[in-house]
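Next up, run-v9.pdb (PDB, C-alpha atoms):
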MODEL        1
ATOM      1  CA  MET B   1     -23.858 257.114 151.712
ATOM      2  CA  LYS B   2     -26.058 259.124 154.060
ATOM      3  CA  LEU B   3     -23.720 262.132 153.779
ATOM      4  CA  LYS B   4     -23.782 261.960 150.010
ATOM      5  CA  ILE B   5     -27.585 261.954 150.011
ATOM      6  CA  MET B   6     -27.683 264.819 152.519
ATOM      7  CA  ASN B   7     -25.260 266.914 150.435
ATOM      8  CA  GLN B   8     -26.763 266.122 147.038
ATOM      9  CA  TYR B   9     -30.468 266.391 147.927
ATOM     10  CA  ASN B  10     -30.403 268.330 151.204
ATOM     11  CA  ILE B  11     -32.332 265.510 152.932
ATOM     12  CA  ASP B  12     -31.612 264.181 156.420
ATOM     13  CA  ILE B  13     -32.366 260.504 155.819
ATOM     14  CA  GLU B  14     -32.541 259.876 159.591
ATOM     15  CA  LYS B  15     -35.704 261.990 159.779
ATOM     16  CA  HIS B  16     -37.426 259.920 157.093
ATOM     17  CA  PRO B  17     -37.767 256.295 158.301
ATOM     18  CA  LYS B  18     -39.258 255.009 155.053
ATOM     19  CA  LYS B  19     -36.488 256.517 152.936
ATOM     20  CA  LYS B  20     -33.900 255.198 155.391
ATOM     21  CA  LEU B  21     -35.399 251.696 155.064
ATOM     22  CA  PHE B  22     -35.175 251.941 151.265
ATOM     23  CA  LEU B  23     -31.510 252.928 151.608
ATOM     24  CA  LEU B  24     -30.767 250.044 153.995
ATOM     25  CA  ASN B  25     -32.447 247.561 151.632
ATOM     26  CA  GLU B  26     -30.432 248.858 148.684
ATOM     27  CA  CYS B  27     -27.222 248.646 150.732
ATOM     28  CA  GLU B  28     -28.037 245.013 151.615
ATOM     29  CA  LYS B  29     -28.571 244.227 147.922
ATOM     30  CA  ALA B  30     -25.276 245.943 147.081
ATOM     31  CA  LYS B  31     -23.456 243.901 149.758
ATOM     32  CA  LYS B  32     -24.757 240.668 148.246
ATOM     33  CA  THR B  33     -23.926 241.746 144.704
ATOM     34  CA  LEU B  34     -20.405 242.839 145.673
ATOM     35  CA  SER B  35     -19.766 239.377 147.121
ATOM     36  CA  ALA B  36     -19.679 238.097 143.530
ATOM     37  CA  ASN B  37     -19.049 241.213 141.387
ATOM     38  CA  ASN B  38     -16.566 244.087 141.442
ATOM     39  CA  LYS B  39     -19.155 246.855 141.205
ATOM     40  CA  THR B  40     -22.860 247.546 141.561
ATOM     41  CA  ASN B  41     -25.307 250.442 141.723
ATOM     42  CA  ILE B  42     -27.449 251.742 144.522
ATOM     43  CA  ILE B  43     -30.616 253.240 143.063
ATOM     44  CA  LEU B  44     -33.182 255.068 145.193
ATOM     45  CA  GLU B  45     -36.417 256.269 143.677
ATOM     46  CA  TYR B  46     -38.830 258.693 145.344
ATOM     47  CA  LEU B  47     -36.091 260.123 147.497
ATOM     48  CA  THR B  48     -37.299 263.657 146.892
ATOM     49  CA  ASP B  49     -40.704 265.202 146.268
ATOM     50  CA  ASP B  50     -39.741 266.069 142.693
ATOM     51  CA  ASP B  51     -39.114 262.361 141.874
ATOM     52  CA  ARG B  52     -35.382 262.670 141.220
ATOM     53  CA  ILE B  53     -33.575 259.330 141.270
ATOM     54  CA  PHE B  54     -30.445 258.833 143.364
ATOM     55  CA  LYS B  55     -27.968 256.522 141.618
ATOM     56  CA  GLU B  56     -24.517 255.742 142.967
ATOM     57  CA  GLU B  57     -21.982 253.209 141.713
ATOM     58  CA  ILE B  58     -20.191 251.280 144.454
ATOM     59  CA  THR B  59     -16.994 249.300 143.827
ATOM     60  CA  ARG B  60     -15.748 246.397 145.892
ATOM     61  CA  ASP B  61     -12.647 248.420 146.845
ATOM     62  CA  TYR B  62     -14.822 251.246 148.192
ATOM     63  CA  PHE B  63     -16.979 248.714 150.058
ATOM     64  CA  ASN B  64     -13.878 247.045 151.571
ATOM     65  CA  GLU B  65     -12.542 250.427 152.667
ATOM     66  CA  LYS B  66     -15.822 251.324 154.395
ATOM     67  CA  THR B  67     -16.158 247.916 156.110
ATOM     68  CA  LYS B  68     -12.523 247.477 157.180
ATOM     69  CA  LYS B  69     -13.214 248.364 160.842
ATOM     70  CA  HIS B  70     -15.989 245.733 160.965
ATOM     71  CA  VAL B  71     -13.681 243.086 159.476
ATOM     72  CA  ASN B  72     -11.065 243.966 162.098
ATOM     73  CA  LYS B  73     -13.733 243.610 164.810
ATOM     74  CA  ILE B  74     -14.533 240.088 163.527
ATOM     75  CA  ILE B  75     -10.848 239.131 163.669
ATOM     76  CA  THR B  76     -10.629 240.519 167.226
ATOM     77  CA  LEU B  77     -13.642 238.387 168.236
ATOM     78  CA  ILE B  78     -11.984 235.313 166.709
ATOM     79  CA  ASP B  79      -8.797 236.090 168.666
ATOM     80  CA  ASP B  80     -10.818 236.379 171.888
ATOM     81  CA  CYS B  81     -12.603 233.079 171.253
ATOM     82  CA  LEU B  82      -9.450 231.142 170.416
ATOM     83  CA  LYS B  83      -6.982 232.573 172.924
ATOM     84  CA  ASP B  84      -7.571 229.661 175.313
ATOM     85  CA  TYR B  85      -7.788 226.942 172.649
ATOM     86  CA  ASP B  86      -5.246 225.157 170.498
ATOM     87  CA  ILE B  87      -6.112 225.804 166.844
ATOM     88  CA  LYS B  88      -4.577 222.404 165.961
ATOM     89  CA  ASN B  89      -7.584 220.728 167.611
ATOM     90  CA  ILE B  90      -9.933 222.385 165.122
ATOM     91  CA  HIS B  91     -10.397 220.315 161.981
ATOM     92  CA  LYS B  92     -13.118 222.162 160.140
ATOM     93  CA  ILE B  93     -14.759 225.560 160.300
ATOM     94  CA  GLU B  94     -18.196 226.216 158.834
ATOM     95  CA  LEU B  95     -19.060 229.881 158.367
ATOM     96  CA  LEU B  96     -22.720 230.872 158.430
ATOM     97  CA  GLY B  97     -24.575 233.998 157.437
ATOM     98  CA  GLY B  98     -24.672 236.298 154.447
ATOM     99  CA  SER B  99     -21.761 238.479 155.544
ATOM    100  CA  MET B 100     -19.456 235.482 155.698
ATOM    101  CA  ARG B 101     -19.556 235.360 151.888
ATOM    102  CA  ILE B 102     -17.961 238.816 151.591
ATOM    103  CA  PRO B 103     -14.512 238.239 150.031
ATOM    104  CA  SER B 104     -12.608 240.539 152.436
ATOM    105  CA  ILE B 105     -14.090 238.757 155.474
ATOM    106  CA  LYS B 106     -13.395 235.306 154.014
ATOM    107  CA  LYS B 107      -9.808 236.229 153.183
ATOM    108  CA  SER B 108      -9.163 237.779 156.618
ATOM    109  CA  ILE B 109     -10.515 234.727 158.465
ATOM    110  CA  GLU B 110      -8.579 232.292 156.248
ATOM    111  CA  ASN B 111      -5.361 234.278 156.793
ATOM    112  CA  LYS B 112      -5.953 234.377 160.542
ATOM    113  CA  LEU B 113      -6.812 230.705 161.031
ATOM    114  CA  LYS B 114      -4.697 229.152 158.259
ATOM    115  CA  LEU B 115      -7.545 226.701 157.578
ATOM    116  CA  ASP B 116      -9.796 226.040 154.626
ATOM    117  CA  LEU B 117     -13.233 227.384 155.382
ATOM    118  CA  SER B 118     -16.515 225.735 154.451
ATOM    119  CA  TYR B 119     -19.719 227.497 153.400
ATOM    120  CA  SER B 120     -21.883 224.477 152.612
ATOM    121  CA  LEU B 121     -24.691 224.981 155.163
ATOM    122  CA  ASN B 122     -27.161 227.724 155.808
ATOM    123  CA  ALA B 123     -27.961 228.812 159.364
ATOM    124  CA  ASP B 124     -31.362 227.083 159.578
ATOM    125  CA  GLU B 125     -29.938 223.762 158.370
ATOM    126  CA  SER B 126     -27.056 223.974 160.845
ATOM    127  CA  ILE B 127     -29.353 224.541 163.795
ATOM    128  CA  SER B 128     -31.571 221.657 162.676
ATOM    129  CA  LYS B 129     -28.687 219.259 162.102
ATOM    130  CA  GLY B 130     -27.062 220.186 165.403
ATOM    131  CA  SER B 131     -30.337 219.587 167.244
ATOM    132  CA  VAL B 132     -30.786 216.194 165.592
ATOM    133  CA  ILE B 133     -27.232 215.121 166.468
ATOM    134  CA  TYR B 134     -27.645 216.322 170.045
ATOM    135  CA  GLY B 135     -30.961 214.482 170.385
ATOM    136  CA  ALA B 136     -29.523 211.289 168.889
ATOM    137  CA  LEU B 137     -26.546 211.391 171.258
ATOM    138  CA  HIS B 138     -28.888 211.381 174.245
ATOM    139  CA  SER B 139     -31.309 208.803 172.885
ATOM    140  CA  TYR B 140     -31.082 205.147 173.814
ATOM    141  CA  LEU B 141     -33.103 204.236 170.705
ATOM    142  CA  VAL B 142     -30.686 205.640 168.137
ATOM    143  CA  LYS B 143     -27.169 204.345 167.549
ATOM    144  CA  ILE B 144     -24.813 206.832 165.922
ATOM    145  CA  LYS B 145     -21.104 207.052 165.219
ATOM    146  CA  ASP B 146     -18.975 208.352 168.107
ATOM    147  CA  TYR B 147     -19.510 212.064 168.304
ATOM    148  CA  HIS B 148     -18.530 214.402 171.090
ATOM    149  CA  ILE B 149     -20.181 217.716 171.983
ATOM    150  CA  GLU B 150     -19.046 219.812 174.928
ATOM    151  CA  ASN B 151     -20.848 222.674 176.591
ATOM    152  CA  ILE B 152     -18.283 225.129 177.877
ATOM    153  CA  ILE B 153     -18.682 228.159 180.142
ATOM    154  CA  GLN B 154     -17.511 231.205 178.180
ATOM    155  CA  ASP B 155     -16.728 233.438 181.174
ATOM    156  CA  ASN B 156     -15.809 233.162 184.831
ATOM    157  CA  ILE B 157     -18.859 232.859 187.100
ATOM    158  CA  TYR B 158     -18.958 234.930 190.269
ATOM    159  CA  VAL B 159     -21.366 235.152 193.174
ATOM    160  CA  ASP B 160     -21.656 238.190 195.395
ATOM    161  CA  PHE B 161     -21.907 237.443 199.136
ATOM    162  CA  ASP B 162     -22.353 240.504 201.326
ATOM    163  CA  GLY B 163     -20.346 242.673 198.929
ATOM    164  CA  LYS B 164     -17.584 240.108 198.500
ATOM    165  CA  LYS B 165     -17.203 238.774 194.961
ATOM    166  CA  VAL B 166     -16.355 235.041 194.944
ATOM    167  CA  GLN B 167     -15.418 233.158 191.774
ATOM    168  CA  ILE B 168     -17.183 229.811 191.703
ATOM    169  CA  LEU B 169     -16.477 228.569 188.166
ATOM    170  CA  ASN B 170     -13.584 229.272 185.826
ATOM    171  CA  LYS B 171     -13.834 230.215 182.184
ATOM    172  CA  ASN B 172     -13.719 227.188 179.820
ATOM    173  CA  THR B 173     -15.084 224.772 182.433
ATOM    174  CA  VAL B 174     -16.790 221.854 180.692
ATOM    175  CA  LEU B 175     -20.419 221.332 181.679
ATOM    176  CA  PRO B 176     -22.038 219.651 183.491
ATOM    177  CA  VAL B 177     -20.006 220.438 186.566
ATOM    178  CA  LYS B 178     -20.670 219.987 190.244
ATOM    179  CA  LYS B 179     -19.094 222.267 192.804
ATOM    180  CA  ILE B 180     -19.760 222.388 196.522
ATOM    181  CA  ILE B 181     -19.394 225.769 198.167
ATOM    182  CA  LYS B 182     -19.289 226.144 201.920
ATOM    183  CA  ILE B 183     -20.502 229.490 203.211
ATOM    184  CA  THR B 184     -20.056 230.564 206.797
ATOM    185  CA  LEU B 185     -22.238 233.469 207.882
ATOM    186  CA  LYS B 186     -21.421 235.550 210.934
TER     187      LYS B 186
ENDMDL
END
Written as structure tokens, that's how I'd like the structure from this file.
Amino acid sequence: MKLKIMNQYNIDIEKHPKKKLFLLNECEKAKKTLSANNKTNIILEYLTDDDRIFKEEITRDYFNEKTKKHVNKIITLIDDCLKDYDIKNIHKIELLGGSMRIPSIKKSIENKLKLDLSYSLNADESISKGSVIYGALHSYLVKIKDYHIENIIQDNIYVDFDGKKVQILNKNTVLPVKKIIKITLK
């Protein structure tokens, strides 16, 4: 999009922060519209001093082509997260955030995980509900249905002693954990 504007109007959008912000806002609107429709328009007013209007039609196919590398990056992140876990132990997946409603992302994740995905919560509600459940689990005043939450270390933990790197906790260790380390100094 930036190249098209540069070629058509001879404007380097990077040197004009306000115009760049207008473009980013229009692109965000287009992303949301293309989640439900097959095409939309990006319209930028006041792009030039002579008040010409930039108007460009964007199709979902064009959008999917331009975002394919980002979709592949999401699938790679999912692979990294699940390489040490059995997918059969996952019963439900709730996707959060505006980009999770993009059809190409939804389809790629469904194909990868072979699970039905849910989009019923927004991010703020999820954080609130998770906090309430966590608080209720640790409260002696509230009785709730059996529910299990685990905190897991995402990476190996190392400590450096005099230039020697020592692994003290393994990836996927469930917290809390207690480990006694004996260090002998010369």
Between CA of Ser99 in chain B and CA of Asp124 in chain B - distance in Å to one decimal
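Value for the CA of Asp124 in chain B-CA of Ser99 in chain B distance: 15.4 Å.
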Just so the selection is clear, what residues does the PyMOL selection byres ((chain B and resi 61-67) around 9) cover here, as an MDAnalysis selection string?
chainID B and resid 31 34 38:39 58:60 68:72 103:104
Per residue of range 34-152 of chain B within 12 Å of range 162-171 of chain B, note the shortest atom pair and the distance in Å to one decimal, counting all atoms listed in the file, and order the rows by chain and increasing residue number, as CSV.
residue,atom,partner,partner_atom,distance
B:Cys81,CA,B:Lys171,CA,11.4
B:Lys83,CA,B:Lys171,CA,11.8
B:Asp84,CA,B:Lys171,CA,9.3
B:Tyr85,CA,B:Lys171,CA,11.8
B:Asn151,CA,B:Lys171,CA,11.7
B:Ile152,CA,B:Lys171,CA,8.0
For the atom pair CA of Leu96 in chain B and CA of Ser126 in chain B, what is the interatomic distance in Å to one decimal place?
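Calculated distance between CA of Leu96 in chain B and CA of Ser126 in chain B is 8.5 Å.
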Hits from the PyMOL selection byres ((chain B and resi 45) around 10), listed as a list in words
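In the shown coordinates, the PyMOL selection byres ((chain B and resi 45) around 10) covers Lys19, Phe22, Leu23, Ile43, Leu44, Tyr46, Leu47, Thr48, Asp51, Arg52, Ile53, Phe54 and Lys55 of chain B.
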Neighbour list for Ile93 in chain B as a PDB file with C-alpha atoms, in the coordinates of the input, cut-off 9 Å, all atoms listed in the file, skip fewer than 2 positions in-chain:
ATOM      1  CA  ILE B  90      -9.933 222.385 165.122  1.00  0.00           C
ATOM      2  CA  HIS B  91     -10.397 220.315 161.981  1.00  0.00           C
ATOM      3  CA  LEU B  95     -19.060 229.881 158.367  1.00  0.00           C
ATOM      4  CA  LEU B 115      -7.545 226.701 157.578  1.00  0.00           C
ATOM      5  CA  ASP B 116      -9.796 226.040 154.626  1.00  0.00           C
ATOM      6  CA  LEU B 117     -13.233 227.384 155.382  1.00  0.00           C
ATOM      7  CA  SER B 118     -16.515 225.735 154.451  1.00  0.00           C
ATOM      8  CA  TYR B 119     -19.719 227.497 153.400  1.00  0.00           C
TER       9      TYR B 119
END
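For the pair CA of Ile127 in chain B and CA of Pro176 in chain B, the interatomic distance is 21.6 Å.
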Need the axis-aligned box for range 85-94 of chain B with 4 Å each side, so what are the centre and edges in Å to one decimal, as AutoDock Vina command-line options?
--center_x -11.4 --center_y 223.6 --center_z 165.7 --size_x 21.6 --size_y 14.6 --size_z 21.8
Residues within 7 Å of Ile42 in chain B, please, as a compact mmCIF listing (two decimals) with C-alpha atoms, keeping the file's coordinate frame. Count only C-alpha atoms; anything in the same chain fewer than 5 positions from it doesn't count.
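Full text of selection-v1.txt as output:
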# COMPACT_ATOMS: atom_id res chain seq x y z
CA GLU B 26 -30.43 248.86 148.68
CA CYS B 27 -27.22 248.65 150.73
CA ALA B 30 -25.28 245.94 147.08
CA LYS B 55 -27.97 256.52 141.62
CA GLU B 56 -24.52 255.74 142.97
CA GLU B 57 -21.98 253.21 141.71
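Nearest to Thr76 in chain B of all the residues B:Lys107, B:Lys112, B:Leu24, B:Asn172 is B:Lys112, counting all atoms listed in the file.
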